[in-house]
Amino acid sequence: MTTSDFRTRGVSRFQNRDLGVPRFSCEVGVPLAEQASLGHNRWHPDVPPLHHLDPGDEVILEAPGYDDYQLRDRDEDQDIHDIDLSRTHPMAGPVYVNGAEPGDLLVVDVLDIQPLSGIGYSNVLPGMGGPLTDWFPKGFKTVWDLHGTSATSRQIPGVTIPALSHPGVIGVAPSMELLEEWNTREDPLIPSGKAVDRAAVTETSVLRTLEGDEWERVAATAARTMPPRENGGNLDIKNLSRGSRVFFPVYVPGALFSSGDYHFAEGDGEITWNAIEMDGVGWYKFSLIKGGMAKYGVRAPMLRPSPLDPNLGPRYLSFTGLSARGSRQEYLDATAAAIDAVEQAIDYLGKFGYSGEQAYTIISVAPCEMHVGGIVDIPNAAVTLKVPLDIFDKDIMPK
Ligand code: ZN
């Protein structure tokens with residue numbers, strides 16, 4: 001296989017093999033709107049199912065990356081300035097699970113997650129680059145070559161990121177009542193930019209096979225995919241990888257499962273707003289726990305995370321973030337403490353030759369772990385950020 005084949009035909013090890021499992025293929029390089037029968041990019045209970053299956057069955061779902069094939073494997077970065085984020089996240093689905101009813105738990109086994117084209121992207125997007133957007137207003141684009149168990153990038157030499165692939169977006173459809181609840185609680189945040197303006201961008205809604213008046217009706221109330229919610233959605237959980245078992249509350253008949261936004265790897269917090277984003281393949285198996293929501297008191301997805309983890313052993317350097325710094329004081333604010341830890345790690349990696357943009361990206365895509373030390377010792381919260389040492393070609397320990 002030549003390099004050009006690699007980038008246009010995909011490198012999935014499942015490519016063109018009959019695995020005896022229904023498989024819904026994504027055409028590499030083609031935006032979801034031009035292959036709309038594959039899926040959708042908004043949450044709504046009335047998106048027509050892609051596939052019906054029984055408990056015990058499996059399905060393979062391919063999807064474009066979050067960028068919907070707007071990013072290019074080129075060094076120039078005009079694409080990160082031009083990207084239309086209203087096209088995120090293209091998902092494959094929904095899958096209707098026969099017998100699933102509101103109140104059940106849908107059990108989803110993540111059997112495998114693989115790249116499709118073999119090219120990944122991570123960006124600090126101008127104006128949208130996580131909590132440190134003001135630090136890096138010009139943005140920063142990184143292209144990753146995904147080689148099986150690890151990824152490298154010409155924009156960040158000397159760093160090798162181990163694979164811990166997972167679907168960034170994985171979830172079930174909301175009921176109409178739940179959807180209305182989301183809209184009611186999020187709409188007041190829109191004027192201040194704290195929630196995405198769903199009404200301003202309906203024209204890029206892809207709702208599978210819906211057209212005309214039905215499309216208009218559904219697009220008008222459908223939810224954007226940006227936040228995680230009670231249905232799952234954009235969970236961005238780095239250990240929701242191969243071997244995970246996820247328990248989703250079921251809100252509508254059939255559950256209506258969808259996934260996309262595949263990530264090759266990610267650090268806890270996905271701090272730049274990007275993991276190593278890729279087009280990908282997810283292989284899922286389904287079962288049901290009847291009446292499981294009430295039986296176990298579940299109101300948001302629960303999971304048994306993947307038993308797999310990159311073999312990084314105890315070799316981490318851990319930064320301590322606090323919700324206070326200099327004269328600034330936040331009260332038990334774990335987010336402020338996490339950002340403080342990230343800022344310290346960026347400053348530290350700068351001593352080893354990494355630019356701020358490179359360091360910020362590394363923390364967002366490497367398997368860094370954030371742990372809450374304490375949120376009880378008034379007035380300061382403490383959050384640790386563990387950066388794995390072995391992703392670096394050079395030794396970054398203090399001497
Ligand atoms: Zn993503």
# chains A, B, ... in the order shown; residues from 1 in each chain; ligands from 1

$ residues_around --residues "Leu389 in chain A" --least-positions-apart "5" --cutoff "12 Å" --atoms "only C-alpha atoms" --output "list in words"
Val159, Thr160, Ile161, Asn311, Leu312, Gly313, Pro314, Arg315, Tyr316, Leu317, Ser318, Leu349, Ile362, Ile363, Ala366, Pro367, Cys368, Lys394, Asp395, Ile396, Met397 and Pro398 of chain A

$ residues_near_ligand --ligand "ligand 1" --cutoff "7 Å" --atoms "only C-alpha atoms and all ligand atoms" --output "list in words"
Tyr66, Gly168, Asp236, Asp261, Tyr262, His263, Asn274, Ala275 and Glu277 of chain A

$ closest_residue --among "A:Ser259, A:Asn239, A:Thr335, A:Thr133" --to "Gly356 in chain A" --atoms "only C-alpha atoms"
A:Thr133

$ residues_around --residues "Asn380 in chain A" --least-positions-apart "2" --cutoff "9 Å" --atoms "only C-alpha atoms" --output "ChimeraX atom specification"
/A:322-324,329-334,337,374-378,382

$ write_last_selection --atoms "N, CA, C and O atoms" --output "PDB file, in the first residue's frame"
ATOM      1  N   LEU A 322      -3.774  24.535  41.980  1.00  0.00           N
ATOM      2  CA  LEU A 322      -4.555  25.047  43.115  1.00  0.00           C
ATOM      3  C   LEU A 322      -5.580  26.059  42.615  1.00  0.00           C
ATOM      4  O   LEU A 322      -5.376  26.697  41.582  1.00  0.00           O
ATOM      5  N   SER A 323      -6.630  26.227  43.393  1.00  0.00           N
ATOM      6  CA  SER A 323      -7.630  27.229  43.013  1.00  0.00           C
ATOM      7  C   SER A 323      -7.245  28.614  43.551  1.00  0.00           C
ATOM      8  O   SER A 323      -8.103  29.464  43.735  1.00  0.00           O
ATOM      9  N   ALA A 324      -5.979  28.793  43.795  1.00  0.00           N
ATOM     10  CA  ALA A 324      -5.484  30.104  44.227  1.00  0.00           C
ATOM     11  C   ALA A 324      -4.103  30.304  43.631  1.00  0.00           C
ATOM     12  O   ALA A 324      -3.347  29.348  43.450  1.00  0.00           O
ATOM     13  N   GLN A 329      -7.997  34.311  44.234  1.00  0.00           N
ATOM     14  CA  GLN A 329      -8.535  33.247  45.082  1.00  0.00           C
ATOM     15  C   GLN A 329      -9.882  32.785  44.543  1.00  0.00           C
ATOM     16  O   GLN A 329     -10.807  33.578  44.428  1.00  0.00           O
ATOM     17  N   GLU A 330      -9.978  31.487  44.185  1.00  0.00           N
ATOM     18  CA  GLU A 330     -11.273  30.902  43.835  1.00  0.00           C
ATOM     19  C   GLU A 330     -11.615  29.911  44.947  1.00  0.00           C
ATOM     20  O   GLU A 330     -10.729  29.273  45.514  1.00  0.00           O
ATOM     21  N   TYR A 331     -12.909  29.741  45.207  1.00  0.00           N
ATOM     22  CA  TYR A 331     -13.329  28.919  46.331  1.00  0.00           C
ATOM     23  C   TYR A 331     -13.576  27.475  45.885  1.00  0.00           C
ATOM     24  O   TYR A 331     -14.526  27.205  45.144  1.00  0.00           O
ATOM     25  N   LEU A 332     -12.728  26.557  46.301  1.00  0.00           N
ATOM     26  CA  LEU A 332     -12.901  25.118  46.049  1.00  0.00           C
ATOM     27  C   LEU A 332     -13.268  24.807  44.600  1.00  0.00           C
ATOM     28  O   LEU A 332     -14.118  23.957  44.331  1.00  0.00           O
ATOM     29  N   ASP A 333     -12.628  25.509  43.670  1.00  0.00           N
ATOM     30  CA  ASP A 333     -12.992  25.407  42.257  1.00  0.00           C
ATOM     31  C   ASP A 333     -12.019  24.445  41.559  1.00  0.00           C
ATOM     32  O   ASP A 333     -10.865  24.799  41.288  1.00  0.00           O
ATOM     33  N   ALA A 334     -12.497  23.218  41.294  1.00  0.00           N
ATOM     34  CA  ALA A 334     -11.611  22.195  40.718  1.00  0.00           C
ATOM     35  C   ALA A 334     -11.196  22.545  39.291  1.00  0.00           C
ATOM     36  O   ALA A 334     -10.095  22.191  38.854  1.00  0.00           O
ATOM     37  N   ALA A 337      -8.353  24.902  39.520  1.00  0.00           N
ATOM     38  CA  ALA A 337      -7.154  24.176  39.952  1.00  0.00           C
ATOM     39  C   ALA A 337      -6.563  23.361  38.799  1.00  0.00           C
ATOM     40  O   ALA A 337      -5.342  23.307  38.620  1.00  0.00           O
ATOM     41  N   GLY A 374      -8.314  17.202  46.388  1.00  0.00           N
ATOM     42  CA  GLY A 374      -9.294  17.548  47.421  1.00  0.00           C
ATOM     43  C   GLY A 374     -10.172  18.701  46.977  1.00  0.00           C
ATOM     44  O   GLY A 374      -9.708  19.616  46.290  1.00  0.00           O
ATOM     45  N   ILE A 375     -11.445  18.631  47.357  1.00  0.00           N
ATOM     46  CA  ILE A 375     -12.375  19.751  47.126  1.00  0.00           C
ATOM     47  C   ILE A 375     -13.081  20.082  48.442  1.00  0.00           C
ATOM     48  O   ILE A 375     -14.225  20.502  48.461  1.00  0.00           O
ATOM     49  N   VAL A 376     -12.355  19.853  49.542  1.00  0.00           N
ATOM     50  CA  VAL A 376     -12.963  20.045  50.861  1.00  0.00           C
ATOM     51  C   VAL A 376     -12.131  20.943  51.782  1.00  0.00           C
ATOM     52  O   VAL A 376     -12.628  21.400  52.816  1.00  0.00           O
ATOM     53  N   ASP A 377     -10.871  21.197  51.416  1.00  0.00           N
ATOM     54  CA  ASP A 377      -9.989  21.920  52.334  1.00  0.00           C
ATOM     55  C   ASP A 377     -10.078  23.417  52.065  1.00  0.00           C
ATOM     56  O   ASP A 377      -9.287  23.963  51.304  1.00  0.00           O
ATOM     57  N   ILE A 378     -11.066  24.060  52.673  1.00  0.00           N
ATOM     58  CA  ILE A 378     -11.378  25.456  52.374  1.00  0.00           C
ATOM     59  C   ILE A 378     -10.151  26.343  52.592  1.00  0.00           C
ATOM     60  O   ILE A 378      -9.409  26.119  53.550  1.00  0.00           O
ATOM     61  N   ALA A 382      -7.462  21.246  45.080  1.00  0.00           N
ATOM     62  CA  ALA A 382      -6.187  20.811  44.510  1.00  0.00           C
ATOM     63  C   ALA A 382      -6.446  19.722  43.474  1.00  0.00           C
ATOM     64  O   ALA A 382      -7.210  18.786  43.734  1.00  0.00           O
TER      65      ALA A 382
END

$ residues_around --residues "Val30 in chain A" --least-positions-apart "4" --cutoff "12 Å" --atoms "only C-alpha atoms" --output "list in words"
Thr8, Arg9, Ser25, Cys26, Glu34, Gln35, Ala36, Leu38, Ala63, Pro64, Gly65, Asp67, Asp68, Tyr69, Gln70, Leu71, Pro90, Ser117 and Asp279 of chain A

$ write_last_selection --atoms "N, CA and C atoms" --output "PDB file, in the first residue's frame"
ATOM      1  N   THR A   8      -6.085   7.980   1.288  1.00  0.00           N
ATOM      2  CA  THR A   8      -7.384   8.119   0.632  1.00  0.00           C
ATOM      3  C   THR A   8      -8.241   6.881   0.830  1.00  0.00           C
ATOM      4  N   ARG A   9      -7.642   5.724   0.991  1.00  0.00           N
ATOM      5  CA  ARG A   9      -8.425   4.488   1.080  1.00  0.00           C
ATOM      6  C   ARG A   9      -8.606   3.996   2.493  1.00  0.00           C
ATOM      7  N   SER A  25     -20.419   1.831   6.310  1.00  0.00           N
ATOM      8  CA  SER A  25     -19.149   2.409   5.899  1.00  0.00           C
ATOM      9  C   SER A  25     -19.260   3.905   5.648  1.00  0.00           C
ATOM     10  N   CYS A  26     -18.192   4.585   6.023  1.00  0.00           N
ATOM     11  CA  CYS A  26     -18.051   6.018   5.774  1.00  0.00           C
ATOM     12  C   CYS A  26     -17.095   6.181   4.608  1.00  0.00           C
ATOM     13  N   GLU A  34     -23.060  14.750   2.426  1.00  0.00           N
ATOM     14  CA  GLU A  34     -23.037  14.095   1.111  1.00  0.00           C
ATOM     15  C   GLU A  34     -23.124  12.571   1.221  1.00  0.00           C
ATOM     16  N   GLN A  35     -23.186  12.068   2.452  1.00  0.00           N
ATOM     17  CA  GLN A  35     -23.464  10.640   2.669  1.00  0.00           C
ATOM     18  C   GLN A  35     -24.413  10.543   3.871  1.00  0.00           C
ATOM     19  N   ALA A  36     -25.490  11.355   3.768  1.00  0.00           N
ATOM     20  CA  ALA A  36     -26.378  11.597   4.915  1.00  0.00           C
ATOM     21  C   ALA A  36     -27.073  10.339   5.410  1.00  0.00           C
ATOM     22  N   LEU A  38     -25.854   7.759   6.283  1.00  0.00           N
ATOM     23  CA  LEU A  38     -25.037   7.128   7.325  1.00  0.00           C
ATOM     24  C   LEU A  38     -25.407   7.607   8.729  1.00  0.00           C
ATOM     25  N   ALA A  63     -17.333   6.522  10.980  1.00  0.00           N
ATOM     26  CA  ALA A  63     -17.774   7.923  10.962  1.00  0.00           C
ATOM     27  C   ALA A  63     -16.606   8.836  10.616  1.00  0.00           C
ATOM     28  N   PRO A  64     -16.904   9.992   9.998  1.00  0.00           N
ATOM     29  CA  PRO A  64     -15.860  11.005   9.807  1.00  0.00           C
ATOM     30  C   PRO A  64     -15.382  11.509  11.172  1.00  0.00           C
ATOM     31  N   GLY A  65     -14.254  12.186  11.210  1.00  0.00           N
ATOM     32  CA  GLY A  65     -13.813  12.836  12.444  1.00  0.00           C
ATOM     33  C   GLY A  65     -14.708  14.021  12.766  1.00  0.00           C
ATOM     34  N   ASP A  67     -14.280  17.010  12.553  1.00  0.00           N
ATOM     35  CA  ASP A  67     -14.164  18.141  11.614  1.00  0.00           C
ATOM     36  C   ASP A  67     -14.976  17.915  10.344  1.00  0.00           C
ATOM     37  N   ASP A  68     -15.562  16.714  10.193  1.00  0.00           N
ATOM     38  CA  ASP A  68     -16.378  16.410   9.013  1.00  0.00           C
ATOM     39  C   ASP A  68     -15.559  16.597   7.727  1.00  0.00           C
ATOM     40  N   TYR A  69     -14.285  16.185   7.780  1.00  0.00           N
ATOM     41  CA  TYR A  69     -13.357  16.243   6.637  1.00  0.00           C
ATOM     42  C   TYR A  69     -13.122  17.666   6.136  1.00  0.00           C
ATOM     43  N   GLN A  70     -13.079  18.618   7.091  1.00  0.00           N
ATOM     44  CA  GLN A  70     -12.706  19.989   6.696  1.00  0.00           C
ATOM     45  C   GLN A  70     -11.203  20.225   6.844  1.00  0.00           C
ATOM     46  N   LEU A  71     -10.531  19.442   7.703  1.00  0.00           N
ATOM     47  CA  LEU A  71      -9.096  19.631   7.925  1.00  0.00           C
ATOM     48  C   LEU A  71      -8.308  18.866   6.870  1.00  0.00           C
ATOM     49  N   PRO A  90     -20.265  14.708  13.263  1.00  0.00           N
ATOM     50  CA  PRO A  90     -20.946  13.720  12.415  1.00  0.00           C
ATOM     51  C   PRO A  90     -20.938  12.341  13.083  1.00  0.00           C
ATOM     52  N   SER A 117      -8.782   6.548   8.072  1.00  0.00           N
ATOM     53  CA  SER A 117      -7.800   7.015   7.076  1.00  0.00           C
ATOM     54  C   SER A 117      -6.368   6.910   7.592  1.00  0.00           C
ATOM     55  N   ASP A 279     -11.069  10.116  11.787  1.00  0.00           N
ATOM     56  CA  ASP A 279     -12.182   9.332  11.280  1.00  0.00           C
ATOM     57  C   ASP A 279     -11.926   7.899  11.738  1.00  0.00           C
TER      58      ASP A 279
END

$ closest_residue --among "A:Leu61, A:Val47, A:Leu308, A:Ala341" --to "Trp215 in chain A" --atoms "only C-alpha atoms"
A:Val47

$ closest_residue --among "A:Ser122, A:Thr209, A:Ser258, A:Thr88" --to "Gly171 in chain A" --atoms "only C-alpha atoms"
A:Ser258

$ closest_residue --among "A:Leu256, A:Ile289, A:Ala92, A:Ala381" --to "Asp46 in chain A" --atoms "only C-alpha atoms"
A:Leu256

$ select_by_dssp --residues "range 201-267 of chain A" --states "strand (DSSP E or B)" --output "MDAnalysis selection string"
chainID A and resid 207 223 228:229 232:234 245:249 257:265

$ residues_around --residues "Arg198 in chain A" --least-positions-apart "3" --cutoff "7 Å" --atoms "only C-alpha atoms" --output "PyMOL selection string"
chain A and resi 201-202+223-224

$ residues_around --residues "Gly321 in chain A" --least-positions-apart "3" --cutoff "8 Å" --atoms "only C-alpha atoms" --output "ChimeraX atom specification"
/A:337-342,344,382-385

$ residues_around --residues "Arg299 in chain A" --least-positions-apart "3" --cutoff "10 Å" --atoms "only C-alpha atoms" --output "short mmCIF file (atom, residue, chain, number, x, y, z; two decimals) with all heavy atoms, in the first residue's frame"
data_model
loop_
_atom_site.label_atom_id
_atom_site.label_comp_id
_atom_site.auth_asym_id
_atom_site.auth_seq_id
_atom_site.Cartn_x
_atom_site.Cartn_y
_atom_site.Cartn_z
N GLY A 103 -36.63 3.57 30.45
CA GLY A 103 -36.45 2.99 31.79
C GLY A 103 -35.48 1.84 31.82
O GLY A 103 -34.98 1.47 32.88
N LEU A 105 -31.80 -0.10 30.79
CA LEU A 105 -30.41 0.29 30.54
C LEU A 105 -29.95 -0.42 29.28
O LEU A 105 -30.15 -1.63 29.12
CB LEU A 105 -29.50 -0.13 31.70
CG LEU A 105 -29.64 0.66 33.00
CD1 LEU A 105 -28.70 0.07 34.07
CD2 LEU A 105 -29.33 2.14 32.79
N GLU A 230 -27.29 13.75 29.79
CA GLU A 230 -27.79 12.52 30.43
C GLU A 230 -27.85 11.34 29.45
O GLU A 230 -27.99 10.19 29.87
CB GLU A 230 -29.19 12.74 31.01
CG GLU A 230 -29.26 13.77 32.13
CD GLU A 230 -29.56 15.17 31.61
OE1 GLU A 230 -29.12 15.54 30.49
OE2 GLU A 230 -30.26 15.91 32.34
N ASN A 231 -27.79 11.63 28.15
CA ASN A 231 -27.83 10.56 27.14
C ASN A 231 -26.41 10.10 26.76
O ASN A 231 -26.25 9.31 25.84
CB ASN A 231 -28.53 11.05 25.87
CG ASN A 231 -27.72 12.10 25.13
OD1 ASN A 231 -27.07 12.94 25.77
ND2 ASN A 231 -27.74 12.07 23.82
N PHE A 248 -26.21 2.81 29.31
CA PHE A 248 -26.91 4.05 28.98
C PHE A 248 -28.36 3.98 29.44
O PHE A 248 -29.06 2.99 29.15
CB PHE A 248 -26.93 4.27 27.46
CG PHE A 248 -25.59 4.62 26.88
CD1 PHE A 248 -24.82 3.65 26.26
CD2 PHE A 248 -25.12 5.93 26.93
CE1 PHE A 248 -23.59 3.98 25.71
CE2 PHE A 248 -23.89 6.25 26.39
CZ PHE A 248 -23.12 5.28 25.78
N PRO A 249 -28.86 5.03 30.09
CA PRO A 249 -30.29 5.12 30.34
C PRO A 249 -31.02 5.14 28.99
O PRO A 249 -30.55 5.77 28.04
CB PRO A 249 -30.48 6.46 31.04
CG PRO A 249 -29.11 6.89 31.47
CD PRO A 249 -28.14 6.22 30.55
N VAL A 250 -32.14 4.45 28.90
CA VAL A 250 -32.92 4.44 27.65
C VAL A 250 -34.10 5.40 27.83
O VAL A 250 -34.85 5.30 28.81
CB VAL A 250 -33.43 3.02 27.33
CG1 VAL A 250 -34.37 3.05 26.11
CG2 VAL A 250 -32.25 2.08 27.07
N MET A 293 -32.91 1.45 34.90
CA MET A 293 -32.73 2.82 35.40
C MET A 293 -33.22 2.94 36.84
O MET A 293 -32.52 3.46 37.70
CB MET A 293 -33.48 3.82 34.50
CG MET A 293 -32.76 4.15 33.22
SD MET A 293 -33.68 5.35 32.19
CE MET A 293 -33.41 6.89 33.07
N ALA A 294 -34.43 2.45 37.08
CA ALA A 294 -34.98 2.54 38.44
C ALA A 294 -34.30 1.54 39.37
O ALA A 294 -33.99 1.85 40.53
CB ALA A 294 -36.49 2.28 38.42
N TYR A 296 -31.30 0.44 39.46
CA TYR A 296 -29.98 0.85 39.93
C TYR A 296 -29.86 2.36 40.16
O TYR A 296 -28.77 2.85 40.47
CB TYR A 296 -28.90 0.38 38.94
CG TYR A 296 -28.82 -1.13 38.88
CD1 TYR A 296 -29.30 -1.82 37.77
CD2 TYR A 296 -28.29 -1.86 39.94
CE1 TYR A 296 -29.25 -3.21 37.71
CE2 TYR A 296 -28.23 -3.25 39.89
CZ TYR A 296 -28.72 -3.91 38.78
OH TYR A 296 -28.66 -5.28 38.74
N MET A 302 -23.15 5.13 32.96
CA MET A 302 -22.16 4.54 33.86
C MET A 302 -21.27 3.68 32.99
O MET A 302 -21.73 3.17 31.98
CB MET A 302 -22.85 3.57 34.83
CG MET A 302 -23.24 4.14 36.13
SD MET A 302 -23.85 2.92 37.31
CE MET A 302 -24.40 1.50 36.42
#
